[in-house]
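Q: Input structure: data20.cif, which contains mmCIF, C-alpha atoms and all ligand atoms.
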data_structure
loop_
_atom_site.label_atom_id
_atom_site.label_comp_id
_atom_site.auth_asym_id
_atom_site.auth_seq_id
_atom_site.Cartn_x
_atom_site.Cartn_y
_atom_site.Cartn_z
CA MET V 17 72.09 -149.53 -110.13
CA ALA V 18 69.63 -146.75 -109.42
CA ASN V 19 71.45 -143.85 -107.87
CA ALA V 20 69.72 -141.35 -110.13
CA LYS V 21 66.62 -139.25 -109.54
CA GLU V 22 63.42 -139.38 -111.59
CA LEU V 23 64.05 -136.28 -113.67
CA SER V 24 61.75 -133.83 -115.40
CA GLY V 25 60.85 -130.18 -115.43
CA ALA V 26 62.75 -126.91 -115.37
CA GLY V 27 66.47 -126.62 -115.99
CA LEU V 28 66.30 -129.14 -118.86
CA ARG V 29 66.21 -131.96 -116.28
CA GLY V 30 65.90 -135.36 -117.88
CA GLN V 31 66.23 -134.07 -121.46
CA ILE V 32 68.66 -135.96 -123.68
CA ALA V 33 70.63 -133.08 -125.19
CA GLY V 34 73.25 -135.09 -127.09
CA LYS V 35 75.35 -138.25 -127.10
CA THR V 36 78.57 -138.95 -125.24
CA ALA V 37 81.00 -141.84 -124.84
CA LEU V 38 82.88 -140.05 -122.07
CA SER V 39 81.05 -140.74 -118.83
CA THR V 40 77.89 -141.97 -117.13
CA VAL V 41 76.30 -140.30 -114.11
CA GLY V 42 73.88 -142.21 -111.88
CA LYS V 43 73.72 -145.20 -114.22
CA THR V 44 76.33 -147.85 -113.44
CA GLY V 45 78.96 -148.84 -110.89
CA SER V 46 79.23 -146.54 -107.91
CA GLY V 47 77.41 -143.90 -109.97
CA LEU V 48 80.16 -142.26 -112.01
CA THR V 49 82.20 -143.87 -114.77
CA TYR V 50 84.76 -142.40 -117.16
CA ARG V 51 84.86 -144.32 -120.46
CA GLY V 52 83.57 -147.40 -118.62
CA TYR V 53 85.89 -147.26 -115.61
CA ASP V 54 84.43 -146.58 -112.17
CA VAL V 55 85.73 -143.30 -110.74
CA LYS V 56 86.51 -145.00 -107.42
CA ASP V 57 88.68 -147.53 -109.23
CA LEU V 58 90.49 -144.77 -111.13
CA ALA V 59 91.02 -142.69 -107.97
CA ALA V 60 92.46 -145.72 -106.17
CA HIS V 61 94.88 -146.81 -108.90
CA CYS V 62 95.78 -143.94 -111.21
CA GLU V 63 97.38 -140.56 -111.26
CA PHE V 64 95.59 -137.64 -112.85
CA GLU V 65 97.59 -137.68 -116.09
CA GLU V 66 96.48 -141.28 -116.73
CA VAL V 67 92.85 -140.28 -116.31
CA ALA V 68 93.31 -137.17 -118.46
CA TYR V 69 94.81 -139.42 -121.16
CA LEU V 70 91.89 -141.84 -120.81
CA ILE V 71 89.27 -139.12 -121.09
CA LEU V 72 90.97 -137.28 -123.94
CA LYS V 73 92.27 -140.22 -125.98
CA GLY V 74 89.89 -143.06 -125.09
CA LYS V 75 92.23 -145.58 -123.43
CA LEU V 76 94.37 -145.81 -120.32
CA PRO V 77 98.01 -145.24 -121.28
CA ASN V 78 100.62 -147.96 -120.93
CA SER V 79 103.75 -146.96 -119.03
CA SER V 80 105.67 -145.61 -122.04
CA GLU V 81 102.63 -143.68 -123.28
CA LEU V 82 102.17 -142.19 -119.80
CA ALA V 83 105.84 -141.25 -119.52
CA ALA V 84 105.73 -139.57 -122.95
CA TYR V 85 102.53 -137.72 -122.09
CA LYS V 86 103.94 -136.44 -118.80
CA THR V 87 107.17 -135.34 -120.51
CA LYS V 88 105.11 -133.43 -123.06
CA LEU V 89 103.02 -131.71 -120.36
CA THR V 90 106.09 -130.84 -118.26
CA ALA V 91 107.67 -129.13 -121.27
CA MET V 92 104.54 -126.98 -121.74
CA ARG V 93 104.43 -125.30 -118.31
CA SER V 94 106.08 -121.95 -119.02
CA LEU V 95 104.01 -118.80 -118.92
CA PRO V 96 104.50 -116.43 -121.89
CA ALA V 97 105.77 -112.97 -120.87
CA ALA V 98 102.62 -111.27 -122.19
CA LEU V 99 100.43 -113.57 -120.08
CA LYS V 100 102.50 -112.82 -116.98
CA ALA V 101 102.13 -109.10 -117.70
CA VAL V 102 98.34 -109.46 -117.87
CA LEU V 103 98.23 -111.53 -114.67
CA GLU V 104 100.26 -108.87 -112.88
CA LEU V 105 97.62 -106.27 -113.78
CA ILE V 106 94.80 -108.19 -112.10
CA PRO V 107 94.27 -106.96 -108.52
CA ALA V 108 94.36 -109.15 -105.42
CA THR V 109 90.67 -108.39 -104.91
CA ALA V 110 89.74 -110.20 -108.14
CA HIS V 111 88.01 -113.56 -107.90
CA PRO V 112 90.51 -116.26 -108.91
CA MET V 113 87.90 -117.74 -111.27
CA ASP V 114 87.93 -114.45 -113.14
CA VAL V 115 91.72 -114.74 -113.27
CA MET V 116 91.38 -118.24 -114.77
CA ARG V 117 88.87 -116.96 -117.31
CA THR V 118 91.07 -114.02 -118.32
CA GLY V 119 94.22 -116.17 -118.34
CA CYS V 120 92.60 -118.76 -120.60
CA SER V 121 91.25 -116.09 -122.92
CA MET V 122 94.61 -114.28 -123.06
CA LEU V 123 96.37 -117.51 -123.99
CA GLY V 124 93.82 -117.85 -126.79
CA ASN V 125 95.11 -114.53 -128.14
CA LEU V 126 98.75 -115.53 -127.87
CA GLU V 127 98.51 -119.15 -129.01
CA THR V 128 95.30 -119.26 -131.02
CA GLU V 129 94.08 -122.70 -132.07
CA GLN V 130 94.40 -122.34 -135.86
CA SER V 131 92.61 -125.57 -136.81
CA PHE V 132 90.96 -128.54 -135.12
CA ALA V 133 94.14 -130.53 -135.88
CA GLU V 134 95.67 -128.57 -133.00
CA GLN V 135 92.95 -129.42 -130.46
CA GLN V 136 94.98 -131.95 -128.48
CA ASP V 137 98.01 -129.67 -128.26
CA ALA V 138 95.84 -126.70 -127.27
CA THR V 139 94.28 -128.81 -124.51
CA ASP V 140 97.61 -130.15 -123.27
CA ARG V 141 99.01 -126.64 -123.13
CA LEU V 142 96.08 -125.52 -120.97
CA LEU V 143 96.44 -128.58 -118.72
CA ALA V 144 100.13 -127.86 -118.25
CA ILE V 145 99.82 -124.13 -117.73
CA PHE V 146 96.72 -123.69 -115.52
CA PRO V 147 98.27 -124.58 -112.12
CA GLY V 148 101.20 -122.20 -112.64
CA LEU V 149 98.94 -119.53 -114.13
CA ILE V 150 96.67 -119.21 -111.11
CA ASN V 151 99.51 -119.50 -108.60
CA TYR V 152 101.64 -116.95 -110.45
CA TRP V 153 98.80 -114.45 -110.08
CA TYR V 154 98.11 -115.47 -106.47
CA ASN V 155 101.71 -115.13 -105.32
CA PHE V 156 102.27 -111.88 -107.22
CA SER V 157 99.03 -110.17 -106.15
CA HIS V 158 99.00 -111.40 -102.54
CA LYS V 159 102.70 -111.60 -101.66
CA GLY V 160 104.47 -109.52 -104.29
CA ILE V 161 106.47 -112.58 -105.41
CA ARG V 162 107.14 -113.50 -109.05
CA ILE V 163 107.30 -117.30 -108.86
CA ASP V 164 109.13 -119.57 -111.28
CA VAL V 165 106.49 -121.94 -112.65
CA ASP V 166 109.12 -124.20 -114.24
CA THR V 167 109.43 -126.36 -111.13
CA PRO V 168 110.80 -129.92 -110.98
CA ALA V 169 107.28 -131.16 -110.11
CA GLU V 170 106.59 -134.58 -111.60
CA SER V 171 102.84 -134.24 -112.03
CA ILE V 172 100.08 -131.66 -112.42
CA ALA V 173 99.00 -132.43 -108.84
CA GLU V 174 102.47 -131.75 -107.52
CA GLN V 175 102.84 -128.70 -109.77
CA PHE V 176 99.75 -127.08 -108.28
CA LEU V 177 100.93 -127.45 -104.69
CA TRP V 178 104.55 -126.61 -105.52
CA THR V 179 103.71 -123.37 -107.36
CA LEU V 180 101.27 -122.39 -104.61
CA HIS V 181 103.54 -122.98 -101.62
CA GLY V 182 106.97 -122.59 -103.26
CA GLU V 183 108.26 -125.98 -102.16
CA LYS V 184 107.91 -129.67 -102.92
CA PRO V 185 104.69 -130.93 -101.33
CA THR V 186 104.57 -134.00 -99.09
CA ALA V 187 103.78 -137.34 -100.68
CA LEU V 188 100.45 -137.40 -98.83
CA HIS V 189 99.40 -134.00 -100.15
CA THR V 190 100.35 -134.93 -103.70
CA GLU V 191 98.39 -138.16 -103.41
CA VAL V 192 95.29 -136.33 -102.19
CA MET V 193 95.61 -133.82 -104.99
CA GLN V 194 95.88 -136.66 -107.53
CA ALA V 195 92.64 -138.15 -106.23
CA SER V 196 90.91 -134.77 -106.12
CA LEU V 197 91.82 -133.97 -109.73
CA ILE V 198 90.56 -137.41 -110.81
CA LEU V 199 87.24 -136.98 -108.98
CA TYR V 200 86.57 -133.62 -110.63
CA ALA V 201 87.74 -134.54 -114.15
CA GLU V 202 84.47 -135.31 -115.93
CA HIS V 203 80.73 -135.32 -115.19
CA GLU V 204 78.62 -135.65 -118.36
CA PHE V 205 76.30 -132.77 -119.36
CA ASN V 206 76.67 -130.52 -116.31
CA ALA V 207 76.26 -126.75 -116.76
CA SER V 208 79.88 -125.88 -117.57
CA THR V 209 80.37 -128.83 -119.92
CA PHE V 210 77.16 -128.02 -121.72
CA THR V 211 78.40 -124.43 -122.07
CA ALA V 212 81.59 -125.76 -123.67
CA ARG V 213 79.60 -127.98 -126.05
CA VAL V 214 77.25 -125.19 -127.10
CA CYS V 215 80.28 -123.01 -127.88
CA ALA V 216 81.99 -125.88 -129.72
CA SER V 217 78.85 -126.47 -131.80
CA THR V 218 79.36 -123.09 -133.48
CA LEU V 219 82.81 -124.37 -134.57
CA SER V 220 84.49 -121.89 -132.26
CA ASP V 221 88.06 -122.35 -130.97
CA MET V 222 89.14 -124.39 -127.92
CA HIS V 223 90.06 -121.36 -125.80
CA SER V 224 86.62 -119.80 -126.30
CA CYS V 225 84.91 -123.06 -125.30
CA ILE V 226 87.02 -123.39 -122.15
CA THR V 227 86.71 -119.70 -121.24
CA GLY V 228 82.91 -119.98 -121.41
CA ALA V 229 82.96 -123.16 -119.32
CA ILE V 230 85.03 -121.45 -116.62
CA GLY V 231 82.37 -118.73 -116.42
CA SER V 232 79.67 -121.36 -115.87
CA LEU V 233 81.69 -123.25 -113.28
CA ARG V 234 82.21 -120.06 -111.26
CA GLY V 235 78.68 -119.99 -109.82
CA PRO V 236 77.98 -121.28 -106.27
CA LEU V 237 75.38 -123.76 -107.52
CA HIS V 238 78.15 -125.46 -109.53
CA GLY V 239 81.91 -125.34 -108.88
CA GLY V 240 81.78 -122.53 -106.35
CA ALA V 241 80.12 -124.84 -103.80
CA ASN V 242 83.42 -126.08 -102.32
CA GLU V 243 84.38 -122.51 -101.37
CA ALA V 244 80.91 -121.88 -99.94
CA ALA V 245 81.13 -125.12 -97.92
CA MET V 246 84.45 -123.95 -96.44
CA GLU V 247 82.97 -120.59 -95.49
CA LEU V 248 80.22 -122.49 -93.69
CA ILE V 249 82.31 -124.99 -91.72
CA GLU V 250 85.02 -122.56 -90.70
CA LYS V 251 82.39 -120.61 -88.73
CA MET V 252 81.56 -123.70 -86.68
CA GLN V 253 83.51 -124.21 -83.47
CA ASN V 254 82.80 -127.89 -82.82
CA PRO V 255 80.34 -130.62 -83.87
CA GLU V 256 77.66 -129.52 -81.38
CA HIS V 257 77.85 -125.96 -82.63
CA ALA V 258 77.67 -127.29 -86.20
CA GLU V 259 74.46 -129.16 -85.38
CA THR V 260 72.81 -126.09 -83.84
CA GLU V 261 73.86 -123.88 -86.76
CA LEU V 262 72.62 -126.31 -89.38
CA LEU V 263 69.27 -126.83 -87.68
CA GLY V 264 68.82 -123.06 -87.64
CA MET V 265 69.73 -122.77 -91.31
CA LEU V 266 67.35 -125.57 -92.26
CA ALA V 267 64.55 -123.92 -90.25
CA ARG V 268 65.20 -120.71 -92.22
CA LYS V 269 65.19 -122.80 -95.44
CA ASP V 270 68.74 -121.70 -96.25
CA LYS V 271 70.59 -123.65 -98.91
CA ILE V 272 73.50 -125.62 -97.46
CA MET V 273 76.35 -125.65 -99.95
CA GLY V 274 78.05 -128.96 -100.65
CA PHE V 275 74.84 -130.97 -100.25
CA GLY V 276 72.40 -132.37 -102.78
CA HIS V 277 72.82 -133.10 -106.44
CA ALA V 278 70.91 -132.55 -109.65
CA ILE V 279 71.25 -136.19 -110.79
CA TYR V 280 72.31 -138.46 -107.90
CA ALA V 281 69.46 -139.63 -105.68
CA GLU V 282 71.12 -141.09 -102.59
CA SER V 283 74.84 -140.38 -102.63
CA ASP V 284 77.60 -138.82 -104.68
CA PRO V 285 80.20 -141.55 -105.33
CA ARG V 286 83.00 -138.98 -105.19
CA ASN V 287 82.17 -138.13 -101.58
CA ALA V 288 83.38 -141.40 -100.03
CA VAL V 289 86.77 -141.01 -101.71
CA ILE V 290 87.48 -137.43 -100.71
CA LYS V 291 86.00 -137.97 -97.25
CA ALA V 292 88.52 -140.77 -96.60
CA TRP V 293 91.36 -138.49 -97.72
CA SER V 294 90.08 -135.67 -95.54
CA GLU V 295 90.16 -138.00 -92.53
CA LYS V 296 93.76 -139.04 -93.33
CA LEU V 297 94.80 -135.40 -93.64
CA ALA V 298 93.08 -134.55 -90.35
CA GLN V 299 95.00 -137.30 -88.59
CA ALA V 300 98.29 -136.27 -90.21
CA ASN V 301 97.63 -132.67 -89.09
CA GLY V 302 96.95 -133.77 -85.52
CA ASP V 303 93.82 -131.61 -85.48
CA THR V 304 90.66 -133.36 -86.56
CA MET V 305 88.14 -130.63 -85.62
CA LEU V 306 87.30 -129.52 -89.15
CA TYR V 307 86.81 -133.13 -90.19
CA ASP V 308 84.69 -133.88 -87.10
CA ILE V 309 82.53 -130.84 -87.83
CA SER V 310 82.10 -131.98 -91.43
CA VAL V 311 81.08 -135.48 -90.34
CA ARG V 312 78.44 -134.03 -88.02
CA CYS V 313 77.09 -131.82 -90.82
CA GLU V 314 76.78 -134.89 -93.02
CA ALA V 315 74.86 -136.77 -90.32
CA VAL V 316 72.50 -133.87 -89.55
CA MET V 317 71.70 -133.20 -93.22
CA TRP V 318 70.91 -136.85 -93.87
CA ARG V 319 68.86 -137.23 -90.67
CA GLU V 320 66.86 -134.05 -91.22
CA LYS V 321 66.51 -133.79 -94.99
CA LYS V 322 67.86 -136.96 -96.58
CA LEU V 323 70.38 -134.69 -98.30
CA PHE V 324 73.85 -136.16 -98.85
CA CYS V 325 77.29 -134.61 -99.33
CA ASN V 326 78.23 -134.01 -102.95
CA ALA V 327 81.86 -134.01 -104.17
CA ASP V 328 82.40 -130.50 -102.86
CA PHE V 329 81.69 -130.85 -99.14
CA PHE V 330 84.68 -132.87 -97.91
CA HIS V 331 86.89 -131.19 -100.49
CA ALA V 332 86.60 -128.08 -98.33
CA SER V 333 88.25 -129.62 -95.25
CA ALA V 334 90.73 -131.63 -97.38
CA TYR V 335 91.97 -128.54 -99.22
CA ASN V 336 92.07 -126.53 -95.99
CA TYR V 337 94.23 -129.20 -94.32
CA MET V 338 96.67 -128.82 -97.24
CA GLY V 339 96.98 -125.08 -96.61
CA ILE V 340 95.13 -124.10 -99.79
CA PRO V 341 93.42 -120.69 -99.51
CA THR V 342 89.65 -121.01 -99.89
CA LYS V 343 89.50 -118.67 -102.88
CA LEU V 344 91.70 -121.11 -104.86
CA PHE V 345 89.38 -124.10 -104.40
CA THR V 346 87.33 -123.61 -107.58
CA PRO V 347 90.39 -122.94 -109.79
CA ILE V 348 91.63 -126.44 -108.83
CA PHE V 349 88.32 -127.74 -110.17
CA VAL V 350 89.15 -125.91 -113.43
CA CYS V 351 92.63 -127.52 -113.62
CA SER V 352 90.87 -130.88 -113.49
CA ARG V 353 87.56 -130.43 -115.35
CA LEU V 354 89.43 -128.96 -118.30
CA THR V 355 89.95 -132.58 -119.36
CA GLY V 356 86.23 -133.28 -119.48
CA TRP V 357 85.42 -129.97 -121.16
CA ALA V 358 88.05 -130.43 -123.86
CA ALA V 359 87.04 -134.05 -124.51
CA HIS V 360 83.43 -132.92 -124.91
CA VAL V 361 84.54 -130.19 -127.32
CA MET V 362 86.38 -132.84 -129.36
CA GLU V 363 83.37 -135.16 -129.25
CA GLN V 364 81.03 -132.36 -130.34
CA ARG V 365 83.34 -131.40 -133.20
CA ALA V 366 83.56 -134.99 -134.40
CA ASP V 367 79.78 -135.20 -134.94
CA ASN V 368 78.54 -131.65 -134.94
CA ARG V 369 75.26 -129.95 -135.47
CA ILE V 370 74.89 -126.44 -134.08
CA ILE V 371 73.01 -126.58 -130.76
CA ARG V 372 69.95 -124.43 -131.12
CA PRO V 373 66.97 -125.39 -128.94
CA SER V 374 63.56 -123.73 -129.09
CA ALA V 375 61.74 -121.70 -126.47
CA GLU V 376 58.11 -121.80 -125.38
CA TYR V 377 56.89 -118.26 -126.11
CA ILE V 378 55.09 -116.61 -123.17
CA GLY V 379 55.13 -112.97 -124.39
CA GLU V 380 52.69 -110.54 -126.05
CA GLU V 381 50.24 -111.48 -128.81
CA PRO V 382 51.22 -110.13 -132.28
CA ARG V 383 50.84 -106.30 -132.53
CA VAL V 384 51.79 -103.45 -134.86
CA VAL V 385 54.16 -100.53 -134.42
CA GLY V 386 52.11 -97.33 -134.02
CA PRO V 387 53.29 -93.72 -134.53
CA ILE V 388 55.83 -92.66 -131.88
CA ALA V 389 53.69 -89.68 -130.83
CA GLU V 390 50.88 -92.02 -129.73
CA ARG V 391 53.05 -94.23 -127.46
CA GLN V 392 52.58 -94.15 -123.68
N1 LIG O 401 70.39 -127.31 -98.93
C1 LIG O 401 69.11 -127.17 -98.56
N2 LIG O 401 68.09 -127.61 -99.31
C2 LIG O 401 68.40 -128.22 -100.46
C3 LIG O 401 69.71 -128.41 -100.90
C4 LIG O 401 70.73 -127.92 -100.08
N3 LIG O 401 72.02 -128.05 -100.43
N4 LIG O 401 69.72 -129.06 -102.09
C5 LIG O 401 68.43 -129.26 -102.40
N5 LIG O 401 67.64 -128.76 -101.43
C6 LIG O 401 66.21 -128.76 -101.42
C7 LIG O 401 65.70 -127.90 -102.56
O1 LIG O 401 65.58 -126.54 -102.19
C8 LIG O 401 64.37 -128.53 -102.85
O2 LIG O 401 63.44 -128.10 -101.88
P1 LIG O 401 61.94 -127.73 -102.32
O3 LIG O 401 61.39 -128.99 -102.90
O4 LIG O 401 61.31 -127.29 -101.05
O5 LIG O 401 62.09 -126.64 -103.34
C9 LIG O 401 64.64 -130.01 -102.58
O6 LIG O 401 65.76 -130.05 -101.71
C10 LIG O 401 64.94 -130.80 -103.81
O7 LIG O 401 65.93 -130.16 -104.57
P2 LIG O 401 66.53 -130.88 -105.83
O8 LIG O 401 65.48 -130.90 -106.89
O9 LIG O 401 67.07 -132.18 -105.37
O10 LIG O 401 67.74 -129.96 -106.26
P3 LIG O 401 68.09 -129.41 -107.70
O11 LIG O 401 68.27 -130.55 -108.66
O12 LIG O 401 67.16 -128.34 -108.11
O13 LIG O 401 69.48 -128.72 -107.43
C11 LIG O 401 71.67 -128.55 -106.62
C12 LIG O 401 70.66 -129.45 -107.30
C13 LIG O 401 73.01 -129.24 -106.59
C14 LIG O 401 71.82 -127.23 -107.43
C15 LIG O 401 71.17 -128.25 -105.19
O14 LIG O 401 71.15 -129.46 -104.45
C16 LIG O 401 72.03 -127.23 -104.52
O15 LIG O 401 71.82 -126.03 -104.71
N6 LIG O 401 73.02 -127.66 -103.68
C17 LIG O 401 73.91 -126.73 -103.03
C18 LIG O 401 74.97 -126.25 -104.02
C19 LIG O 401 75.99 -127.31 -104.32
O16 LIG O 401 76.49 -127.96 -103.43
N7 LIG O 401 76.33 -127.41 -105.62
C20 LIG O 401 77.32 -128.35 -106.07
C21 LIG O 401 76.69 -129.42 -106.88
S1 LIG O 401 77.85 -130.70 -107.27
#
Show me, as structure tokens, the structure contained in the file I just sent.
Ligand code: COA
A:
Amino acid sequence: MANAKELSGAGLRGQIAGKTALSTVGKTGSGLTYRGYDVKDLAAHCEFEEVAYLILKGKLPNSSELAAYKTKLTAMRSLPAALKAVLELIPATAHPMDVMRTGCSMLGNLETEQSFAEQQDATDRLLAIFPGLINYWYNFSHKGIRIDVDTPAESIAEQFLWTLHGEKPTALHTEVMQASLILYAEHEFNASTFTARVCASTLSDMHSCITGAIGSLRGPLHGGANEAAMELIEKMQNPEHAETELLGMLARKDKIMGFGHAIYAESDPRNAVIKAWSEKLAQANGDTMLYDISVRCEAVMWREKKLFCNADFFHASAYNYMGIPTKLFTPIFVCSRLTGWAAHVMEQRADNRIIRPSAEYIGEEPRVVGPIAERQ
């Protein structure tokens, strides 16, 4: 199938920068596959832990392997006291992605990966701890509450919602979160993953690779787009207003967050999945306005510019319907993409050569250093 652009030019577009057995983007199936499985298939039939296992270990787990993996992750949720102390020092005004970055880095100080033999355990610990980590900070800094992250939640999806809201989420919300985490889990050589691989190629530790990747994901051209999409649609009162606003933005050549993609040409396969969940949530909420606005935005952008929704656009309304504060949208992406990042780190380590590209020099011709007194 040909859902990929003709690529060349700036931003390393179209350059083969390494090999991977983890995923394909724009090549087969609906456009995104993890280790040969179509992402739509995985989102329809699996929970996130199964997909994390697949990405990290190379095969889908059988039921006893899945149960053992989930038991292991559940036992790794606790936050060390020193990490809690650091989180409590970070102000409510901080960007939650900076909290994730600091939290990951702090854990690297407390539980340093001593050798590559520990890479799976280091990854599992991060997978288990990230939802509680961000929600511990959020509840403490915004509500003055010290939450207990050792909840009875049965999955990472449930753990995120439980530690955020302080109660067991509905089955529908947990199901949507499962799908969301699966959709965001892996995406080949995107900016944050490439950051992780470059760091791994120096034989650095897992926490450094993941901390760097979080920094790359933070930007609005990458993971931050779901938050920016929410800020856009929440200003729109109804579909007609959305159409007028978008036409104005397009006339001003503004960038509309949540649309377009560096690789996909015609659609982002993740969009159909999260869009369907957003519609279900809208109906369950009894207020479909945000969904209706989003649908109109999608139609206008395609009609006017042939630009399609990427994974982020309908995530905005879906997360909002689940009562998730906008500033926590991108940290959820981290909780998921950690799987892809860590698997790429492992893949890089298994067949490593330090990544060191060359630059085309566009500076001064060779010259000599003159006496300081003669300088302008
Ligand atoms: N809104 C308005 N115009 C857009 C656009 C958007 N979301 N996405 C692309 N375009 C425009 C570009 O400005 C460019 O116009 P030009 O030819 O006049 O310069 C044209 O469409 C083609 O851009 P393209 O080459 O397809 O984009 P890219 O590969 O350079 O960038 C993105 C890809 C994802 C960074 C870009 O689409 C974007 O910034 N989207 C919004 C941010 C976002 O949602 N990021 C999440 C990605 S999963």
Q: Could you give me, as a PyMOL selection string, every polymer residue with an atom at most 10 Å away from an atom of ligand LIG 401 (chain O), counting all atoms listed in the file?
A: chain V and resi 21-27+29+200+203+206+233+235-245+262+265-266+268-281+284+286+317+321-329
Q: Please produce a file of those selected residues containing C-alpha atoms, as a tab-separated table (two decimals), in the frame of the given file.
A:
chain	number	residue	atom	x	y	z
V	21	LYS	CA	66.62	-139.25	-109.54
V	22	GLU	CA	63.42	-139.38	-111.59
V	23	LEU	CA	64.05	-136.28	-113.67
V	24	SER	CA	61.75	-133.83	-115.40
V	25	GLY	CA	60.85	-130.18	-115.43
V	26	ALA	CA	62.75	-126.91	-115.37
V	27	GLY	CA	66.47	-126.62	-115.99
V	29	ARG	CA	66.21	-131.96	-116.28
V	200	TYR	CA	86.57	-133.62	-110.63
V	203	HIS	CA	80.73	-135.32	-115.19
V	206	ASN	CA	76.67	-130.52	-116.31
V	233	LEU	CA	81.69	-123.25	-113.28
V	235	GLY	CA	78.68	-119.99	-109.82
V	236	PRO	CA	77.98	-121.28	-106.27
V	237	LEU	CA	75.38	-123.76	-107.52
V	238	HIS	CA	78.15	-125.46	-109.53
V	239	GLY	CA	81.91	-125.34	-108.88
V	240	GLY	CA	81.78	-122.53	-106.35
V	241	ALA	CA	80.12	-124.84	-103.80
V	242	ASN	CA	83.42	-126.08	-102.32
V	243	GLU	CA	84.38	-122.51	-101.37
V	244	ALA	CA	80.91	-121.88	-99.94
V	245	ALA	CA	81.13	-125.12	-97.92
V	262	LEU	CA	72.62	-126.31	-89.38
V	265	MET	CA	69.73	-122.77	-91.31
V	266	LEU	CA	67.35	-125.57	-92.26
V	268	ARG	CA	65.20	-120.71	-92.22
V	269	LYS	CA	65.19	-122.80	-95.44
V	270	ASP	CA	68.74	-121.70	-96.25
V	271	LYS	CA	70.59	-123.65	-98.91
V	272	ILE	CA	73.50	-125.62	-97.46
V	273	MET	CA	76.35	-125.65	-99.95
V	274	GLY	CA	78.05	-128.96	-100.65
V	275	PHE	CA	74.84	-130.97	-100.25
V	276	GLY	CA	72.40	-132.37	-102.78
V	277	HIS	CA	72.82	-133.10	-106.44
V	278	ALA	CA	70.91	-132.55	-109.65
V	279	ILE	CA	71.25	-136.19	-110.79
V	280	TYR	CA	72.31	-138.46	-107.90
V	281	ALA	CA	69.46	-139.63	-105.68
V	284	ASP	CA	77.60	-138.82	-104.68
V	286	ARG	CA	83.00	-138.98	-105.19
V	317	MET	CA	71.70	-133.20	-93.22
V	321	LYS	CA	66.51	-133.79	-94.99
V	322	LYS	CA	67.86	-136.96	-96.58
V	323	LEU	CA	70.38	-134.69	-98.30
V	324	PHE	CA	73.85	-136.16	-98.85
V	325	CYS	CA	77.29	-134.61	-99.33
V	326	ASN	CA	78.23	-134.01	-102.95
V	327	ALA	CA	81.86	-134.01	-104.17
V	328	ASP	CA	82.40	-130.50	-102.86
V	329	PHE	CA	81.69	-130.85	-99.14
Q: Determine the nearest neighbour of His181 of chain V from the options V:Asp164, V:Glu129, V:Glu282, V:Glu247, counting all atoms listed in the file.
A: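 With all atoms listed in the file as the atom set, the closest residue is V:Asp164.
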Q: Within 9 Å of segment 78-80 of chain V, counting all atoms listed in the file, which residues show up once you throw out same-chain ones fewer than 4 positions away? Write them as a ChimeraX atom specification, please.
A: /V:66,84-85
Q: Counting all atoms listed in the file, which residues sit no farther than 6 Å from the position (96.2, -136.7, -110.0) in the file's frame? I'd like them as a CSV table (one decimal) with C-alpha atoms, in the frame of the given file.
A:
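What landed in result_20.csv:
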chain,number,residue,atom,x,y,z
V,63,GLU,CA,97.4,-140.6,-111.3
V,64,PHE,CA,95.6,-137.6,-112.8
V,173,ALA,CA,99.0,-132.4,-108.8
V,193,MET,CA,95.6,-133.8,-105.0
V,194,GLN,CA,95.9,-136.7,-107.5
V,195,ALA,CA,92.6,-138.2,-106.2
V,197,LEU,CA,91.8,-134.0,-109.7
V,198,ILE,CA,90.6,-137.4,-110.8
Q: Which residue out of V:Lys88, V:Arg391, V:His331, V:Arg213 has the minimum interatomic distance to Ala33 of chain V when all atoms listed in the file are used?
A: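 Nearest candidate to Ala33 of chain V out of V:Lys88, V:Arg391, V:His331, V:Arg213: V:Arg213.
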